[in-house]
$ cat entry-v1.csv   # CSV, C-alpha atoms
chain,number,residue,atom,x,y,z
A,8,MET,CA,-18.5,-4.6,22.0
A,9,SER,CA,-18.4,-8.3,21.0
A,10,GLU,CA,-15.9,-10.8,22.4
A,11,LEU,CA,-14.6,-11.4,18.8
A,12,VAL,CA,-13.7,-7.7,18.4
A,13,ASP,CA,-12.3,-7.4,21.9
A,14,LYS,CA,-9.6,-10.1,21.4
A,15,TYR,CA,-8.1,-8.1,18.5
A,16,ALA,CA,-8.3,-4.8,20.3
A,17,ASP,CA,-4.4,-4.4,20.2
A,18,ILE,CA,-4.2,-4.6,16.3
A,19,ARG,CA,-7.6,-3.9,14.8
A,20,PRO,CA,-8.9,-0.7,13.3
A,21,TYR,CA,-11.2,1.6,15.3
A,22,ASN,CA,-14.9,0.8,15.5
A,23,ASP,CA,-17.7,3.3,15.2
A,24,ASP,CA,-17.9,4.0,18.9
A,25,GLU,CA,-14.2,4.9,19.0
A,26,VAL,CA,-14.2,7.3,16.0
A,27,ALA,CA,-15.3,10.5,17.7
A,28,ALA,CA,-12.7,10.2,20.5
A,29,SER,CA,-9.9,9.5,17.9
A,30,VAL,CA,-10.9,12.6,15.9
A,31,ALA,CA,-10.8,14.7,19.1
A,32,ARG,CA,-7.3,13.4,19.9
A,33,LEU,CA,-6.1,14.3,16.4
A,34,ILE,CA,-7.5,17.9,16.6
A,35,ASP,CA,-5.8,18.3,20.0
A,36,ASP,CA,-2.4,16.9,18.7
A,37,ASN,CA,0.0,19.8,18.2
A,38,ALA,CA,2.3,17.7,16.0
A,39,PHE,CA,-0.5,16.8,13.6
A,40,VAL,CA,-1.9,20.3,13.5
A,41,ASP,CA,1.6,21.7,12.8
A,42,VAL,CA,2.0,19.3,9.8
A,43,LEU,CA,-1.3,20.4,8.4
A,44,ALA,CA,-0.3,24.0,8.9
A,45,LYS,CA,3.1,23.5,7.1
A,46,TYR,CA,1.5,22.0,4.0
A,47,ASN,CA,-1.7,24.1,3.9
A,48,LEU,CA,-1.0,27.6,5.1
A,49,PRO,CA,1.2,30.3,3.7
A,50,ARG,CA,4.7,29.9,5.1
A,51,PHE,CA,4.6,33.2,7.0
A,52,LEU,CA,1.5,32.0,8.9
A,53,SER,CA,2.7,28.5,9.6
A,54,THR,CA,5.8,29.8,11.5
A,55,PHE,CA,3.5,31.5,14.1
A,56,SER,CA,2.3,28.4,15.9
A,57,ILE,CA,-0.3,30.1,18.1
A,58,VAL,CA,-2.1,31.6,15.0
A,59,SER,CA,-1.6,28.6,12.7
A,60,ARG,CA,-2.8,26.1,15.2
A,61,ALA,CA,-5.9,28.1,16.0
A,62,LEU,CA,-6.7,28.4,12.3
A,63,VAL,CA,-6.2,24.7,11.5
A,64,ARG,CA,-8.1,23.6,14.6
A,65,ARG,CA,-11.1,25.8,13.6
A,66,GLN,CA,-11.1,24.2,10.1
A,67,LEU,CA,-10.7,20.7,11.5
A,68,ARG,CA,-13.6,21.1,13.9
A,69,LYS,CA,-15.7,22.5,11.1
A,70,LYS,CA,-14.9,19.6,8.7
A,71,TRP,CA,-14.5,16.7,11.1
A,72,GLY,CA,-16.3,17.7,14.2
A,73,ALA,CA,-19.5,15.7,13.3
A,74,ILE,CA,-17.7,12.6,12.1
A,75,SER,CA,-18.7,9.6,14.3
A,76,THR,CA,-18.5,6.5,12.1
A,77,VAL,CA,-16.0,4.6,10.1
A,78,GLU,CA,-18.2,5.0,7.0
A,79,GLU,CA,-18.1,8.8,7.4
A,80,VAL,CA,-14.2,8.6,7.7
A,81,GLN,CA,-14.2,6.6,4.4
A,82,GLN,CA,-16.4,9.2,2.7
A,83,GLU,CA,-13.9,12.0,3.8
A,84,VAL,CA,-10.9,9.9,2.6
A,85,SER,CA,-12.6,9.3,-0.7
A,86,ARG,CA,-13.1,13.1,-1.2
A,87,TYR,CA,-9.4,13.7,-0.4
A,88,LEU,CA,-8.3,10.9,-2.8
A,89,ALA,CA,-10.5,12.3,-5.6
A,90,MET,CA,-8.6,15.6,-5.2
A,91,LEU,CA,-5.2,13.8,-5.0
A,92,VAL,CA,-6.0,11.8,-8.2
A,93,LYS,CA,-7.0,14.9,-10.1
A,94,ARG,CA,-4.0,16.9,-8.9
A,95,THR,CA,-1.1,14.3,-9.1
A,96,THR,CA,-2.1,11.8,-11.9
A,97,SER,CA,-3.0,12.1,-15.5
A,98,GLU,CA,-5.4,9.2,-14.9
A,99,VAL,CA,-6.0,6.2,-12.7
A,100,THR,CA,-7.4,3.1,-14.5
A,101,PHE,CA,-8.5,-0.3,-13.3
A,102,SER,CA,-9.0,-3.7,-14.9
A,103,GLY,CA,-10.5,-6.9,-13.5
A,104,LEU,CA,-12.8,-5.4,-10.9
A,105,ASP,CA,-15.8,-6.1,-13.1
A,106,LYS,CA,-15.0,-9.8,-12.8
A,107,LEU,CA,-15.1,-9.9,-9.0
A,108,ASP,CA,-18.2,-10.5,-6.9
A,109,PRO,CA,-19.2,-7.3,-5.0
A,110,LYS,CA,-20.7,-9.4,-2.2
A,111,GLN,CA,-17.6,-11.5,-1.7
A,112,ALA,CA,-14.7,-10.7,0.7
A,113,TYR,CA,-11.3,-11.1,-0.8
A,114,LEU,CA,-7.7,-11.1,0.4
A,115,PHE,CA,-5.9,-8.7,-2.0
A,116,ILE,CA,-2.2,-9.3,-2.2
A,117,SER,CA,-0.4,-6.6,-4.2
A,118,ASN,CA,3.1,-5.5,-5.2
A,119,HIS,CA,4.3,-2.6,-3.1
A,120,ARG,CA,5.7,0.6,-4.5
A,121,ASP,CA,4.3,3.3,-2.2
A,122,ILE,CA,3.7,3.1,1.6
A,123,VAL,CA,0.2,4.5,1.7
A,124,LEU,CA,-0.8,5.2,-1.8
A,125,ASP,CA,-0.9,1.5,-2.9
A,126,PRO,CA,-3.7,0.5,-0.5
A,127,ALA,CA,-5.4,3.9,-0.9
A,128,LEU,CA,-5.7,3.4,-4.7
A,129,VAL,CA,-6.9,-0.2,-4.2
A,130,ASN,CA,-9.7,1.3,-2.1
A,131,TRP,CA,-10.3,4.0,-4.6
A,132,GLY,CA,-10.9,1.3,-7.2
A,133,LEU,CA,-13.2,-0.7,-5.0
A,134,PHE,CA,-15.1,2.5,-3.9
A,135,SER,CA,-15.5,3.5,-7.6
A,136,TYR,CA,-17.0,0.1,-8.3
A,137,LYS,CA,-19.3,0.4,-5.3
A,138,MET,CA,-17.5,-2.5,-3.5
A,139,LYS,CA,-16.7,-2.5,0.2
A,140,THR,CA,-13.2,-1.0,1.0
A,141,VAL,CA,-10.5,-3.1,2.5
A,142,ARG,CA,-8.9,-3.4,5.9
A,143,ILE,CA,-5.2,-2.5,5.4
A,144,ALA,CA,-2.2,-4.2,6.9
A,145,ILE,CA,0.4,-1.8,8.1
A,146,GLY,CA,3.7,-2.4,9.9
A,147,ASP,CA,4.1,-1.0,13.4
A,148,ASN,CA,7.4,0.6,12.2
A,149,LEU,CA,5.2,3.3,10.7
A,150,LEU,CA,3.3,3.9,14.0
A,151,GLN,CA,6.0,5.6,16.1
A,152,ILE,CA,4.1,8.9,16.0
A,153,PRO,CA,0.7,9.1,17.8
A,154,TYR,CA,-1.1,11.0,15.1
A,155,ILE,CA,0.0,8.5,12.4
A,156,THR,CA,-1.5,5.7,14.6
A,157,GLU,CA,-4.7,7.6,14.9
A,158,LEU,CA,-5.0,8.3,11.2
A,159,MET,CA,-4.2,4.7,10.2
A,160,ARG,CA,-6.6,3.0,12.6
A,161,LEU,CA,-9.4,5.5,11.7
A,162,ASN,CA,-8.8,4.5,8.0
A,163,LYS,CA,-9.4,0.7,8.6
A,164,SER,CA,-5.7,-0.2,9.1
A,165,PHE,CA,-4.7,-3.1,11.3
A,166,ILE,CA,-1.2,-3.5,12.8
A,167,VAL,CA,1.4,-6.0,11.8
A,168,LYS,CA,3.8,-6.2,14.8
A,169,ARG,CA,7.2,-6.3,12.9
A,170,SER,CA,9.2,-4.9,15.8
A,171,ILE,CA,8.9,-8.1,17.9
A,172,LYS,CA,12.1,-10.1,17.8
A,173,ALA,CA,11.8,-12.9,20.5
A,174,PRO,CA,10.8,-16.1,18.6
A,175,LYS,CA,7.9,-17.2,20.9
A,176,GLU,CA,6.5,-13.7,21.1
A,177,MET,CA,6.8,-13.3,17.3
A,178,PHE,CA,5.0,-16.6,16.7
A,179,ARG,CA,2.1,-15.6,19.0
A,180,ALA,CA,1.8,-12.2,17.2
A,181,LEU,CA,1.8,-13.9,13.8
A,182,SER,CA,-0.8,-16.4,14.9
A,183,HIS,CA,-2.9,-13.6,16.3
A,184,LEU,CA,-2.6,-11.7,13.0
A,185,SER,CA,-3.4,-14.8,10.9
A,186,ALA,CA,-6.6,-15.4,13.0
A,187,TYR,CA,-7.6,-11.7,12.6
A,188,ILE,CA,-7.2,-11.8,8.8
A,189,TYR,CA,-9.3,-15.1,8.6
A,190,ASP,CA,-12.0,-13.8,10.9
A,191,SER,CA,-12.2,-10.5,9.0
A,192,LEU,CA,-12.7,-12.4,5.7
A,193,ILE,CA,-15.3,-14.8,7.1
A,194,GLY,CA,-17.1,-11.7,8.5
A,195,GLY,CA,-17.3,-10.2,5.1
A,196,ASN,CA,-14.4,-7.7,5.3
A,197,SER,CA,-11.8,-7.7,2.5
A,198,ILE,CA,-8.1,-7.3,3.4
A,199,TRP,CA,-5.2,-5.7,1.6
A,200,ILE,CA,-1.6,-6.8,2.4
A,201,ALA,CA,1.6,-6.2,0.5
A,202,GLN,CA,3.3,-9.2,-1.1
A,203,LYS,CA,6.4,-8.7,1.1
A,204,GLU,CA,7.6,-6.5,3.9
A,205,GLY,CA,8.8,-3.1,2.6
A,206,ARG,CA,8.5,-1.5,-0.8
A,207,ALA,CA,10.1,-3.0,-4.0
A,208,LYS,CA,12.8,-0.4,-4.2
A,209,ASP,CA,14.6,-2.0,-7.2
A,210,GLY,CA,11.4,-2.6,-9.2
A,211,PHE,CA,11.6,-6.4,-8.5
A,212,ASP,CA,8.1,-7.5,-7.4
A,213,GLN,CA,8.3,-10.8,-5.6
A,214,THR,CA,6.0,-12.5,-3.0
A,215,ASP,CA,7.6,-13.6,0.2
A,216,PRO,CA,6.6,-17.3,1.1
A,217,ALA,CA,6.9,-16.3,4.7
A,218,LEU,CA,3.8,-14.1,4.3
A,219,LEU,CA,1.9,-17.0,3.0
A,220,LYS,CA,3.1,-19.3,5.9
A,221,MET,CA,1.8,-16.6,8.3
A,222,LEU,CA,-1.6,-16.6,6.6
A,223,GLN,CA,-1.8,-20.4,6.9
A,224,LEU,CA,-1.2,-20.5,10.7
A,225,GLN,CA,-4.9,-20.2,11.3
A,226,GLY,CA,-5.5,-23.0,8.8
A,227,ARG,CA,-3.1,-25.2,10.7
A,228,LYS,CA,-5.0,-24.5,13.8
A,229,GLN,CA,-8.1,-25.7,12.0
A,230,LYS,CA,-6.2,-28.8,10.7
A,231,LYS,CA,-6.8,-27.9,7.1
A,232,GLU,CA,-4.6,-28.7,4.1
A,233,PHE,CA,-2.6,-25.7,2.8
A,234,SER,CA,-4.4,-25.7,-0.6
A,235,GLU,CA,-7.8,-26.1,0.9
A,236,TYR,CA,-7.3,-23.2,3.3
A,237,ILE,CA,-5.8,-20.9,0.7
A,238,ARG,CA,-8.8,-21.4,-1.6
A,239,GLU,CA,-11.0,-20.4,1.3
A,240,LEU,CA,-9.2,-17.1,1.7
A,241,LYS,CA,-10.1,-16.0,-1.9
A,242,ILE,CA,-6.6,-14.5,-2.6
A,243,VAL,CA,-6.7,-12.0,-5.5
A,244,PRO,CA,-3.3,-10.7,-6.8
A,245,VAL,CA,-3.2,-7.0,-7.6
A,246,SER,CA,-0.6,-5.4,-9.9
A,247,ILE,CA,0.0,-1.7,-9.3
A,248,SER,CA,1.8,0.2,-12.0
A,249,TYR,CA,2.9,3.9,-11.8
A,250,GLN,CA,4.1,5.8,-14.8
A,251,TYR,CA,6.5,7.6,-12.6
A,252,GLU,CA,7.9,5.5,-9.8
A,253,PRO,CA,7.0,7.0,-6.4
A,254,CYS,CA,10.1,8.3,-4.4
A,255,ALA,CA,12.4,7.0,-7.1
A,256,ILE,CA,15.4,9.0,-6.1
A,257,ALA,CA,15.0,8.3,-2.4
A,258,LYS,CA,14.7,4.5,-3.2
A,259,ALA,CA,17.8,4.7,-5.4
A,260,LYS,CA,19.8,6.5,-2.6
A,261,GLU,CA,18.9,3.6,-0.2
A,262,LEU,CA,20.0,1.0,-2.8
A,263,TYR,CA,23.2,3.0,-3.5
A,264,HIS,CA,24.2,3.1,0.2
A,265,LYS,CA,23.6,-0.6,0.6
A,266,LEU,CA,25.6,-1.4,-2.5
A,267,TYR,CA,28.6,0.8,-1.7
A,268,HIS,CA,28.5,1.0,2.1
A,269,GLY,CA,26.9,-2.3,3.1
A,270,LYS,CA,23.9,-0.8,4.9
A,271,TYR,CA,21.4,2.0,5.0
A,272,THR,CA,20.0,3.6,8.2
A,273,LYS,CA,16.8,5.6,7.9
A,274,SER,CA,16.8,9.0,9.4
A,275,ALA,CA,14.1,10.1,11.8
A,276,GLY,CA,10.9,11.1,9.9
A,277,GLU,CA,12.0,9.5,6.7
A,278,ASP,CA,9.0,7.3,6.4
A,279,ILE,CA,6.7,10.3,6.9
A,280,ALA,CA,8.6,12.2,4.2
A,281,SER,CA,8.1,9.2,1.9
A,282,ILE,CA,4.4,9.2,2.6
A,283,VAL,CA,4.1,12.9,1.9
A,284,GLU,CA,6.2,12.6,-1.3
A,285,GLY,CA,4.1,9.7,-2.5
A,286,PHE,CA,0.9,11.7,-2.1
A,287,SER,CA,2.2,15.0,-3.5
A,288,ALA,CA,4.5,14.1,-6.4
A,289,ALA,CA,3.3,13.7,-10.0
A,290,LYS,CA,2.6,10.0,-10.8
A,291,GLY,CA,1.3,10.2,-14.4
A,292,HIS,CA,-0.9,7.3,-15.4
A,293,VAL,CA,-1.5,4.7,-12.7
A,294,HIS,CA,-3.0,1.4,-13.5
A,295,LEU,CA,-4.3,-1.3,-11.1
A,296,ALA,CA,-4.9,-4.8,-12.5
A,297,PHE,CA,-7.1,-7.0,-10.2
A,298,GLY,CA,-6.5,-10.7,-10.9
A,299,GLN,CA,-8.8,-13.7,-10.4
A,300,PRO,CA,-9.0,-15.6,-7.1
A,301,VAL,CA,-6.3,-18.2,-6.9
A,302,GLU,CA,-7.7,-21.7,-7.2
A,303,ASP,CA,-4.8,-23.6,-8.6
A,304,GLY,CA,-1.1,-23.5,-8.0
A,305,CYS,CA,-1.4,-23.3,-4.2
A,306,ASP,CA,-0.2,-26.6,-2.9
A,307,SER,CA,2.7,-25.0,-0.9
A,308,PRO,CA,3.7,-21.5,0.1
A,309,GLU,CA,6.5,-21.5,-2.5
A,310,GLN,CA,4.2,-22.6,-5.3
A,311,LEU,CA,1.5,-20.1,-4.2
A,312,ALA,CA,4.1,-17.3,-4.2
A,313,LYS,CA,5.1,-18.2,-7.8
A,314,THR,CA,1.4,-18.3,-8.8
A,315,ILE,CA,0.8,-14.8,-7.3
A,316,ASP,CA,4.0,-13.5,-8.9
A,317,GLU,CA,3.0,-14.7,-12.3
A,318,GLN,CA,-0.4,-12.9,-12.1
A,319,ILE,CA,1.3,-9.7,-10.9
A,320,ILE,CA,4.0,-9.8,-13.6
A,321,ASP,CA,1.7,-10.8,-16.4
A,322,SER,CA,-0.9,-8.1,-15.7
A,323,PHE,CA,1.6,-5.3,-14.9
A,324,PHE,CA,0.8,-2.3,-17.2
A,325,LEU,CA,4.0,-1.2,-18.9
A,326,HIS,CA,4.4,2.5,-19.3
A,327,PRO,CA,6.7,4.3,-21.8
A,328,GLY,CA,9.4,4.6,-19.2
A,329,ASN,CA,9.4,0.8,-18.7
A,330,TYR,CA,9.9,0.2,-22.4
A,331,ILE,CA,12.6,2.9,-22.7
A,332,ALA,CA,14.5,1.7,-19.7
A,333,GLY,CA,14.1,-1.9,-20.9
A,334,GLY,CA,15.7,-1.1,-24.2
A,335,CYS,CA,12.6,-2.1,-26.2
A,336,LYS,CA,12.9,-0.7,-29.7
A,337,GLN,CA,9.7,-2.2,-31.0
A,338,ALA,CA,7.3,-0.3,-28.7
A,339,VAL,CA,5.6,2.7,-30.3
A,340,ILE,CA,6.2,5.5,-27.8
A,341,ASP,CA,4.7,8.9,-28.1
A,342,LYS,CA,7.3,11.6,-28.4
A,343,LYS,CA,5.8,13.6,-25.6
A,344,ASP,CA,5.9,10.6,-23.2
A,345,ALA,CA,9.5,9.9,-24.2
A,346,ALA,CA,10.5,13.5,-23.7
A,347,GLU,CA,8.9,13.6,-20.3
A,348,PHE,CA,10.7,10.5,-19.2
A,349,GLU,CA,14.0,11.9,-20.4
A,350,GLN,CA,13.4,15.1,-18.5
A,351,ARG,CA,12.7,13.2,-15.3
A,352,MET,CA,15.9,11.2,-15.7
A,353,ALA,CA,17.8,14.4,-16.2
A,354,LEU,CA,16.9,15.4,-12.7
A,355,VAL,CA,18.4,12.2,-11.2
A,356,PRO,CA,21.9,12.5,-9.8
A,357,GLU,CA,24.4,10.9,-12.1
A,358,GLU,CA,25.5,8.2,-9.6
A,359,LEU,CA,21.9,7.1,-9.2
A,360,LYS,CA,20.8,7.0,-12.8
A,361,SER,CA,21.6,3.4,-13.5
A,362,LEU,CA,19.7,2.3,-10.4
A,363,VAL,CA,16.6,4.4,-11.3
A,364,LEU,CA,16.7,3.1,-14.9
A,365,ALA,CA,16.9,-0.5,-13.5
A,366,MET,CA,13.8,0.2,-11.4
A,367,TYR,CA,11.8,1.0,-14.6
A,368,ALA,CA,13.4,-1.7,-16.7
A,369,LYS,CA,12.7,-4.6,-14.3
A,370,PRO,CA,9.0,-5.0,-14.9
A,371,PHE,CA,9.6,-5.0,-18.7
A,372,GLU,CA,12.4,-7.6,-18.3
A,373,ARG,CA,10.4,-9.9,-16.1
A,374,LYS,CA,7.3,-9.8,-18.3
A,375,ALA,CA,9.5,-10.7,-21.3
A,376,GLU,CA,11.0,-13.6,-19.3
A,377,LEU,CA,7.5,-14.8,-18.3
A,378,ASN,CA,6.1,-14.6,-21.9
A,379,SER,CA,9.2,-16.4,-23.2
A,380,SER,CA,8.9,-19.2,-20.7
A,381,GLU,CA,5.1,-19.5,-21.4
A,382,SER,CA,5.8,-19.9,-25.1
A,383,TYR,CA,7.9,-23.0,-24.4
A,384,LYS,CA,5.3,-24.7,-22.3
$ encode --input "entry-v1.csv" --output "structure tokens"
Amino acid sequence: MSELVDKYADIRPYNDDEVAASVARLIDDNAFVDVLAKYNLPRFLSTFSIVSRALVRRQLRKKWGAISTVEEVQQEVSRYLAMLVKRTTSEVTFSGLDKLDPKQAYLFISNHRDIVLDPALVNWGLFSYKMKTVRIAIGDNLLQIPYITELMRLNKSFIVKRSIKAPKEMFRALSHLSAYIYDSLIGGNSIWIAQKEGRAKDGFDQTDPALLKMLQLQGRKQKKEFSEYIRELKIVPVSISYQYEPCAIAKAKELYHKLYHGKYTKSAGEDIASIVEGFSAAKGHVHLAFGQPVEDGCDSPEQLAKTIDEQIIDSFFLHPGNYIAGGCKQAVIDKKDAAEFEQRMALVPEELKSLVLAMYAKPFERKAELNSSESYK
């Protein structure tokens, strides 16, 4: 193993020579096997752990026993994603990918609506266009369960150490992360990272300048100007738009508690439940708009954040629910789509309705504001 890879061993995804051992650990992990049994076996069987574990392990060894490379893991993930897309979406569409260079490594920065599905669908788009899939940034808050860590690192995820609080330790961790991202890109590996920590639970997509300051730490080490270094990273904004907002009611509950009680404390396993809901719930039409590499408007972290936001807002695909929630009377909305949106809203608890509607309205309102400001330039 090379010295370059070794120095990132604490945060990087698994290499080919680590795949077989990781798969074996997953198959031996009772908690992982029990989760698969719960969602894949009849209920009466999944309650008998001795029987259910034996059945699941036999299937896993049959399907995964020969997997020994990262590429083989990606092929398996692509098959699962194909089934998920067919089962839970009406369609997934892409724009802008045909304008990117398949041989170039990019830093994709996207809005963030679903914990795992956002980067998974970015990869689905790249895979569909025969482009190399990305390495995925994931917070260590999601890696409290061993089998989640195994799954993520098998699937080209690298770790963002958010749990560190001591300033000096945090700076070291962020510098280490910045160097890893740069070396990945220079080595021909694209990266996906969300525009800010955590999902946009209120529908307000906004890039955090602190993220961009982290990216530039390696540039400062190289004594490069901010704008020069940023151009080198080949940042491509990505706008992800779901017809039906993932985990909308759960997000609204969190917002409601913060609004009326001042804070919200996640229960044990809540992130895992969100991941499962994001994968399994109906999403309707999903569109991913890939922008152009940022060349201008990157003289400072704040200016770059604004530039990324403008691309994401401008290219956000508005669905019928966005127009309805935004109160747009001019949009021609199919009666079937309008009825489906109203049926979904009818399932939302009364005290959460205004928050869920605001989630859907926000992209429409921000796009209208952007278009209005552009017209006066």
$ atom_distance --input "entry-v1.csv" --atom1 "atom CA of Glu78 of chain A" --atom2 "atom CA of Leu124 of chain A"
19.5 Å
$ residues_around --input "entry-v1.csv" --residues "Asp344 of chain A" --least-positions-apart "2" --cutoff "12 Å" --atoms "only C-alpha atoms" --output "PDB file with C-alpha atoms, in the coordinates of the input"
ATOM      1  CA  SER A  97      -3.000  12.100 -15.500  1.00  0.00           C
ATOM      2  CA  GLN A 250       4.100   5.800 -14.800  1.00  0.00           C
ATOM      3  CA  TYR A 251       6.500   7.600 -12.600  1.00  0.00           C
ATOM      4  CA  GLY A 291       1.300  10.200 -14.400  1.00  0.00           C
ATOM      5  CA  HIS A 292      -0.900   7.300 -15.400  1.00  0.00           C
ATOM      6  CA  HIS A 326       4.400   2.500 -19.300  1.00  0.00           C
ATOM      7  CA  PRO A 327       6.700   4.300 -21.800  1.00  0.00           C
ATOM      8  CA  GLY A 328       9.400   4.600 -19.200  1.00  0.00           C
ATOM      9  CA  ASN A 329       9.400   0.800 -18.700  1.00  0.00           C
ATOM     10  CA  TYR A 330       9.900   0.200 -22.400  1.00  0.00           C
ATOM     11  CA  ILE A 331      12.600   2.900 -22.700  1.00  0.00           C
ATOM     12  CA  VAL A 339       5.600   2.700 -30.300  1.00  0.00           C
ATOM     13  CA  ILE A 340       6.200   5.500 -27.800  1.00  0.00           C
ATOM     14  CA  ASP A 341       4.700   8.900 -28.100  1.00  0.00           C
ATOM     15  CA  LYS A 342       7.300  11.600 -28.400  1.00  0.00           C
ATOM     16  CA  ALA A 346      10.500  13.500 -23.700  1.00  0.00           C
ATOM     17  CA  GLU A 347       8.900  13.600 -20.300  1.00  0.00           C
ATOM     18  CA  PHE A 348      10.700  10.500 -19.200  1.00  0.00           C
ATOM     19  CA  GLU A 349      14.000  11.900 -20.400  1.00  0.00           C
ATOM     20  CA  GLN A 350      13.400  15.100 -18.500  1.00  0.00           C
ATOM     21  CA  ARG A 351      12.700  13.200 -15.300  1.00  0.00           C
TER      22      ARG A 351
END
$ closest_residue --input "entry-v1.csv" --among "A:Met138, A:Val245, A:Leu362, A:Ala338" --to "Pro300 of chain A" --atoms "all atoms listed in the file"
A:Val245
$ residues_around --input "entry-v1.csv" --residues "Trp199 of chain A" --least-positions-apart "3" --cutoff "8 Å" --atoms "only C-alpha atoms" --output "list of chain:residue names"
A:Leu114, A:Phe115, A:Ile116, A:Ser117, A:Pro126, A:Val141, A:Arg142, A:Ile143, A:Ala144
$ write_last_selection --input "entry-v1.csv" --atoms "C-alpha atoms" --output "PDB file, keeping the file's coordinate frame"
ATOM      1  CA  LEU A 114      -7.700 -11.100   0.400  1.00  0.00           C
ATOM      2  CA  PHE A 115      -5.900  -8.700  -2.000  1.00  0.00           C
ATOM      3  CA  ILE A 116      -2.200  -9.300  -2.200  1.00  0.00           C
ATOM      4  CA  SER A 117      -0.400  -6.600  -4.200  1.00  0.00           C
ATOM      5  CA  PRO A 126      -3.700   0.500  -0.500  1.00  0.00           C
ATOM      6  CA  VAL A 141     -10.500  -3.100   2.500  1.00  0.00           C
ATOM      7  CA  ARG A 142      -8.900  -3.400   5.900  1.00  0.00           C
ATOM      8  CA  ILE A 143      -5.200  -2.500   5.400  1.00  0.00           C
ATOM      9  CA  ALA A 144      -2.200  -4.200   6.900  1.00  0.00           C
TER      10      ALA A 144
END
$ atom_distance --input "entry-v1.csv" --atom1 "atom CA of Tyr189 of chain A" --atom2 "atom CA of Gln310 of chain A"
20.8 Å
$ closest_residue --input "entry-v1.csv" --among "A:Leu184, A:Ile279, A:Ala207, A:Leu62" --to "Leu262 of chain A" --atoms "only C-alpha atoms"
A:Ala207
$ residues_around --input "entry-v1.csv" --residues "Val99 of chain A" --least-positions-apart "6" --cutoff "8 Å" --atoms "only C-alpha atoms" --output "list of chain:residue names"
A:Val92, A:His292, A:Val293, A:His294, A:Leu295
$ atom_distance --input "entry-v1.csv" --atom1 "atom CA of Asp209 of chain A" --atom2 "atom CA of Gln223 of chain A"
28.4 Å
$ closest_residue --input "entry-v1.csv" --among "A:Ala255, A:Met366, A:Val301, A:Val30" --to "Thr314 of chain A" --atoms "only C-alpha atoms"
A:Val301
$ closest_residue --input "entry-v1.csv" --among "A:Glu302, A:Pro308, A:Lys208, A:Tyr113" --to "Glu261 of chain A" --atoms "only C-alpha atoms"
A:Lys208
$ residues_near_point --input "entry-v1.csv" --point "(-4.4, -13.0, 16.6)" --cutoff "10 Å" --atoms "all atoms listed in the file" --output "PyMOL selection string"
chain A and resi 14-19+179-190+225
$ closest_residue --input "entry-v1.csv" --among "A:Gln81, A:Gln337, A:Ser135, A:Gln299" --to "Glu317 of chain A" --atoms "only C-alpha atoms"
A:Gln299
$ residues_around --input "entry-v1.csv" --residues "segment 38-45 of chain A" --least-positions-apart "3" --cutoff "12 Å" --atoms "only C-alpha atoms" --output "count of residues only"
37
$ closest_residue --input "entry-v1.csv" --among "A:Lys106, A:Lys258, A:Lys231, A:Lys70" --to "Tyr271 of chain A" --atoms "only C-alpha atoms"
A:Lys258
$ residues_around --input "entry-v1.csv" --residues "Glu83 of chain A" --least-positions-apart "5" --cutoff "12 Å" --atoms "all atoms listed in the file" --output "ChimeraX atom specification"
/A:70-71,73-78,88-90,161-162
$ build_atoms --input "entry-v1.csv" --residues "segment 140-150 of chain A" --atoms "N, CA and C atoms" --output "short mmCIF file (atom, residue, chain, number, x, y, z; two decimals), in the frame of the given file"
data_model
loop_
_atom_site.label_atom_id
_atom_site.label_comp_id
_atom_site.auth_asym_id
_atom_site.auth_seq_id
_atom_site.Cartn_x
_atom_site.Cartn_y
_atom_site.Cartn_z
N THR A 140 -14.68 -1.26 0.87
CA THR A 140 -13.20 -1.00 1.00
C THR A 140 -12.57 -2.01 1.91
N VAL A 141 -11.24 -2.08 1.81
CA VAL A 141 -10.50 -3.10 2.50
C VAL A 141 -10.01 -2.64 3.90
N ARG A 142 -9.71 -3.63 4.74
CA ARG A 142 -8.90 -3.40 5.90
C ARG A 142 -7.44 -3.53 5.51
N ILE A 143 -6.60 -2.60 5.96
CA ILE A 143 -5.20 -2.50 5.40
C ILE A 143 -4.19 -2.90 6.44
N ALA A 144 -3.31 -3.81 6.04
CA ALA A 144 -2.20 -4.20 6.90
C ALA A 144 -1.10 -3.19 6.87
N ILE A 145 -0.65 -2.76 8.05
CA ILE A 145 0.40 -1.80 8.10
C ILE A 145 1.38 -2.11 9.25
N GLY A 146 2.67 -2.04 8.95
CA GLY A 146 3.70 -2.40 9.90
C GLY A 146 3.78 -1.41 11.08
N ASP A 147 4.06 -1.92 12.29
CA ASP A 147 4.10 -1.00 13.40
C ASP A 147 5.35 -0.09 13.39
N ASN A 148 6.27 -0.33 12.44
CA ASN A 148 7.40 0.60 12.20
C ASN A 148 6.92 1.97 11.79
N LEU A 149 5.72 2.04 11.21
CA LEU A 149 5.20 3.30 10.70
C LEU A 149 4.35 4.03 11.81
N LEU A 150 4.22 3.38 12.98
CA LEU A 150 3.30 3.90 14.00
C LEU A 150 4.04 4.44 15.22
#
